[in-house]
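Containing PDB, C-alpha atoms, pLDDT in the B column: upload-v6.pdb.
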```pdb
ATOM      1  CA  MET A 111       0.000   0.000   0.000  1.00 90.00           C
ATOM      2  CA  GLY A 112       2.830   2.376   0.844  1.00 92.00           C
ATOM      3  CA  MET A 113       4.501   1.773  -2.521  1.00 93.00           C
ATOM      4  CA  ILE A 114       1.269   2.638  -4.354  1.00 94.00           C
ATOM      5  CA  VAL A 115       1.004   5.936  -2.476  1.00 95.00           C
ATOM      6  CA  ILE A 116       4.661   6.788  -3.190  1.00 94.00           C
ATOM      7  CA  TYR A 117       4.268   5.852  -6.872  1.00 94.00           C
ATOM      8  CA  ARG A 118       1.189   8.064  -7.228  1.00 94.00           C
ATOM      9  CA  GLN A 119       2.894  10.989  -5.496  1.00 93.00           C
ATOM     10  CA  ILE A 120       5.915  10.728  -7.800  1.00 89.00           C
ATOM     11  CA  ALA A 121       3.638  10.467 -10.867  1.00 90.00           C
ATOM     12  CA  TYR A 122       1.712  13.542  -9.688  1.00 90.00           C
ATOM     13  CA  ILE A 123       4.895  15.571  -9.214  1.00 82.00           C
ATOM     14  CA  ASN A 124       6.248  14.517 -12.619  1.00 81.00           C
ATOM     15  CA  ASN A 125       3.037  15.536 -14.404  1.00 83.00           C
ATOM     16  CA  LYS A 126       2.256  18.718 -12.450  1.00 82.00           C
ATOM     17  CA  SER A 127       2.649  22.031 -14.280  1.00 80.00           C
ATOM     18  CA  LEU A 128       5.692  23.916 -13.002  1.00 72.00           C
ATOM     19  CA  GLY A 129       3.967  27.275 -13.388  1.00 75.00           C
ATOM     20  CA  PHE A 130       6.531  28.618 -15.851  1.00 73.00           C
ATOM     21  CA  ASP A 131       7.919  27.795 -19.279  1.00 73.00           C
ATOM     22  CA  LYS A 132      11.318  26.285 -18.552  1.00 73.00           C
ATOM     23  CA  GLU A 133      12.376  26.850 -22.180  1.00 76.00           C
ATOM     24  CA  ASN A 134      12.280  30.631 -21.611  1.00 76.00           C
ATOM     25  CA  LEU A 135      14.079  30.704 -18.267  1.00 75.00           C
ATOM     26  CA  ILE A 136      17.522  32.140 -17.576  1.00 76.00           C
ATOM     27  CA  MET A 137      19.198  31.587 -14.221  1.00 77.00           C
ATOM     28  CA  VAL A 138      21.987  33.953 -13.185  1.00 77.00           C
ATOM     29  CA  PRO A 139      23.978  33.263 -10.001  1.00 78.00           C
ATOM     30  CA  ILE A 140      23.970  36.534  -8.059  1.00 75.00           C
ATOM     31  CA  GLU A 141      26.474  35.865  -5.284  1.00 76.00           C
ATOM     32  CA  GLY A 142      28.458  39.032  -6.067  1.00 69.00           C
ATOM     33  CA  ILE A 143      25.327  41.054  -6.958  1.00 66.00           C
ATOM     34  CA  CYS A 144      23.268  40.171  -3.881  1.00 67.00           C
ATOM     35  CA  LYS A 145      23.836  43.411  -2.007  1.00 74.00           C
ATOM     36  CA  ASN A 146      22.841  45.411  -5.119  1.00 79.00           C
ATOM     37  CA  TYR A 147      20.017  43.138  -6.287  1.00 81.00           C
ATOM     38  CA  GLU A 148      17.452  45.946  -6.674  1.00 85.00           C
ATOM     39  CA  VAL A 149      19.805  47.918  -8.938  1.00 86.00           C
ATOM     40  CA  PHE A 150      20.533  44.746 -10.936  1.00 83.00           C
ATOM     41  CA  LYS A 151      16.792  44.056 -11.256  1.00 86.00           C
ATOM     42  CA  GLN A 152      16.064  47.623 -12.412  1.00 89.00           C
ATOM     43  CA  GLU A 153      18.762  47.397 -15.075  1.00 87.00           C
ATOM     44  CA  LEU A 154      17.413  44.074 -16.351  1.00 87.00           C
ATOM     45  CA  SER A 155      13.839  45.380 -16.441  1.00 89.00           C
ATOM     46  CA  ARG A 156      14.909  48.018 -18.964  1.00 92.00           C
ATOM     47  CA  GLU A 157      15.599  45.293 -21.545  1.00 89.00           C
ATOM     48  CA  ALA A 158      12.718  44.853 -24.017  1.00 88.00           C
ATOM     49  CA  GLY A 159      12.639  41.025 -24.093  1.00 85.00           C
ATOM     50  CA  ILE A 160      12.497  40.511 -20.324  1.00 87.00           C
ATOM     51  CA  LYS A 161       8.973  40.027 -18.942  1.00 84.00           C
ATOM     52  CA  GLN A 162       9.602  39.118 -15.295  1.00 84.00           C
ATOM     53  CA  ILE A 163      12.505  39.086 -12.862  1.00 85.00           C
ATOM     54  CA  THR A 164      12.651  37.333  -9.532  1.00 80.00           C
ATOM     55  CA  SER A 165      15.133  35.910  -7.071  1.00 79.00           C
ATOM     56  CA  ALA A 166      15.182  32.581  -5.265  1.00 76.00           C
ATOM     57  CA  SER A 167      17.339  30.862  -2.701  1.00 75.00           C
ATOM     58  CA  ASN A 168      17.277  27.586  -4.679  1.00 73.00           C
ATOM     59  CA  SER A 169      17.116  26.659  -8.352  1.00 71.00           C
ATOM     60  CA  PRO A 170      13.663  25.751  -9.699  1.00 66.00           C
ATOM     61  CA  PRO A 171      12.941  22.088 -10.465  1.00 64.00           C
ATOM     62  CA  LEU A 172      13.681  21.923 -14.189  1.00 61.00           C
ATOM     63  CA  SER A 173      14.093  18.218 -14.803  1.00 57.00           C
ATOM     64  CA  ARG A 174      11.238  15.816 -15.284  1.00 51.00           C
TER
END
```
Could you rewrite the structure in this file as structure tokens?
Amino acid sequence: MGMIVIYRQIAYINNKSLGFDKENLIMVPIEGICKNYEVFKQELSREAGIKQITSASNSPPLSR
């Protein structure tokens, strides 16, 4: 019974929408930029092709 529950949970996670299009995602490590993140974000937002900018403490789950 436990294996069935685990299998269904893994199947659910693998088929769940991530909430973003991973083909149009760019990740930039910001270790050196962290203290000036707002300035960095403002500069990026001036670029025409950029729709959204955010920061995260971990990388998003990209693999399926």
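Residues with any atom within 12 Å of region 154-161 of chain A, counting all atoms listed in the file and excluding same-chain neighbours fewer than 2 positions away, are A:Asn134, A:Leu135, A:Ile136, A:Val138, A:Tyr147, A:Glu148, A:Val149, A:Phe150, A:Lys151, A:Gln152, A:Ile163, A:Thr164.
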Would you give the centre and edge lengths, in Å to one decimal, of a box along x, y and z around the listed atoms of region 124-134 of chain A, with 6 Å added to each side, as AutoDock Vina command-line options?
```
--center_x 7.3 --center_y 22.6 --center_z -17.3 --size_x 22.1 --size_y 28.1 --size_z 21.7
```
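Straight-line separation from CA of Gln119 (chain A) to CA of Asp131 (chain A): 22.3 Å.
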So how far away is CA of Met137 (chain A) from CA of Ser165 (chain A), in Å?
->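 Rounded to one decimal, the two atoms are 9.3 Å apart.
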Take CA of Ser169 (chain A) and CA of Gly129 (chain A) and report the distance between them in Å, one decimal.
->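 Computing the Euclidean distance for CA of Ser169 (chain A) and CA of Gly129 (chain A) yields 14.1 Å.
Remark: for Asn168 (chain A), the closest of the candidate residues A:Ile120, A:Asn125, A:Asn146, A:Ile140 is A:Ile140 (distances computed over all atoms listed in the file).
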Just add all heavy atoms to region 126-137 of chain A and send it as a short mmCIF file (atom, residue, chain, number, x, y, z; two decimals), in the frame of the given file.
```cif
data_model
loop_
_atom_site.label_atom_id
_atom_site.label_comp_id
_atom_site.auth_asym_id
_atom_site.auth_seq_id
_atom_site.Cartn_x
_atom_site.Cartn_y
_atom_site.Cartn_z
N LYS A 126 2.78 17.42 -12.91
CA LYS A 126 2.26 18.72 -12.45
C LYS A 126 2.91 19.85 -13.23
O LYS A 126 4.10 19.84 -13.49
CB LYS A 126 2.55 18.87 -10.95
CG LYS A 126 2.12 20.16 -10.34
CD LYS A 126 0.66 20.14 -10.03
CE LYS A 126 0.30 21.38 -9.25
NZ LYS A 126 -0.83 22.06 -9.76
N SER A 127 2.12 20.85 -13.61
CA SER A 127 2.65 22.03 -14.28
C SER A 127 3.58 22.77 -13.33
O SER A 127 3.25 22.97 -12.15
CB SER A 127 1.50 22.94 -14.70
OG SER A 127 2.01 24.17 -15.15
N LEU A 128 4.73 23.21 -13.83
CA LEU A 128 5.69 23.92 -13.00
C LEU A 128 5.30 25.37 -12.76
O LEU A 128 5.84 26.02 -11.88
CB LEU A 128 7.08 23.86 -13.65
CG LEU A 128 7.67 22.46 -13.82
CD1 LEU A 128 8.98 22.55 -14.59
CD2 LEU A 128 7.89 21.81 -12.47
N GLY A 129 4.39 25.90 -13.55
CA GLY A 129 3.97 27.28 -13.39
C GLY A 129 4.79 28.26 -14.19
O GLY A 129 4.59 29.47 -14.11
N PHE A 130 5.74 27.76 -14.98
CA PHE A 130 6.53 28.62 -15.85
C PHE A 130 7.02 27.79 -17.03
O PHE A 130 7.02 26.57 -16.98
CB PHE A 130 7.72 29.25 -15.11
CG PHE A 130 8.65 28.23 -14.49
CD1 PHE A 130 9.70 27.70 -15.20
CD2 PHE A 130 8.46 27.81 -13.19
CE1 PHE A 130 10.55 26.76 -14.63
CE2 PHE A 130 9.30 26.88 -12.60
CZ PHE A 130 10.35 26.35 -13.33
N ASP A 131 7.39 28.47 -18.10
CA ASP A 131 7.92 27.80 -19.28
C ASP A 131 9.42 27.66 -19.11
O ASP A 131 10.16 28.65 -19.23
CB ASP A 131 7.57 28.60 -20.53
CG ASP A 131 8.03 27.95 -21.81
OD1 ASP A 131 8.58 26.82 -21.76
OD2 ASP A 131 7.85 28.56 -22.87
N LYS A 132 9.89 26.47 -18.83
CA LYS A 132 11.32 26.28 -18.55
C LYS A 132 12.20 26.52 -19.77
O LYS A 132 13.40 26.71 -19.64
CB LYS A 132 11.57 24.91 -17.95
CG LYS A 132 11.26 23.75 -18.85
CD LYS A 132 11.50 22.44 -18.13
CE LYS A 132 11.16 21.26 -19.02
NZ LYS A 132 11.38 20.02 -18.33
N GLU A 133 11.61 26.56 -20.96
CA GLU A 133 12.38 26.85 -22.18
C GLU A 133 12.74 28.33 -22.27
O GLU A 133 13.65 28.70 -22.99
CB GLU A 133 11.58 26.43 -23.42
CG GLU A 133 11.26 24.95 -23.48
CD GLU A 133 12.49 24.06 -23.48
OE1 GLU A 133 13.50 24.44 -24.13
OE2 GLU A 133 12.46 23.01 -22.81
N ASN A 134 12.03 29.19 -21.57
CA ASN A 134 12.28 30.63 -21.61
C ASN A 134 12.79 31.15 -20.27
O ASN A 134 12.47 32.27 -19.87
CB ASN A 134 11.00 31.37 -22.00
CG ASN A 134 10.58 31.07 -23.40
OD1 ASN A 134 11.42 30.99 -24.30
ND2 ASN A 134 9.31 30.87 -23.62
N LEU A 135 13.59 30.36 -19.60
CA LEU A 135 14.08 30.70 -18.27
C LEU A 135 15.59 30.86 -18.31
O LEU A 135 16.29 30.04 -18.88
CB LEU A 135 13.70 29.59 -17.28
CG LEU A 135 14.13 29.76 -15.85
CD1 LEU A 135 13.33 30.88 -15.20
CD2 LEU A 135 13.93 28.47 -15.09
N ILE A 136 16.08 31.93 -17.71
CA ILE A 136 17.52 32.14 -17.58
C ILE A 136 17.83 32.27 -16.09
O ILE A 136 17.19 33.05 -15.38
CB ILE A 136 17.98 33.42 -18.31
CG1 ILE A 136 17.72 33.29 -19.80
CG2 ILE A 136 19.44 33.68 -18.03
CD1 ILE A 136 18.03 34.55 -20.58
N MET A 137 18.78 31.50 -15.62
CA MET A 137 19.20 31.59 -14.22
C MET A 137 20.59 32.23 -14.18
O MET A 137 21.49 31.80 -14.89
CB MET A 137 19.23 30.20 -13.59
CG MET A 137 17.87 29.58 -13.48
SD MET A 137 17.84 28.03 -12.56
CE MET A 137 19.07 27.05 -13.37
#
```
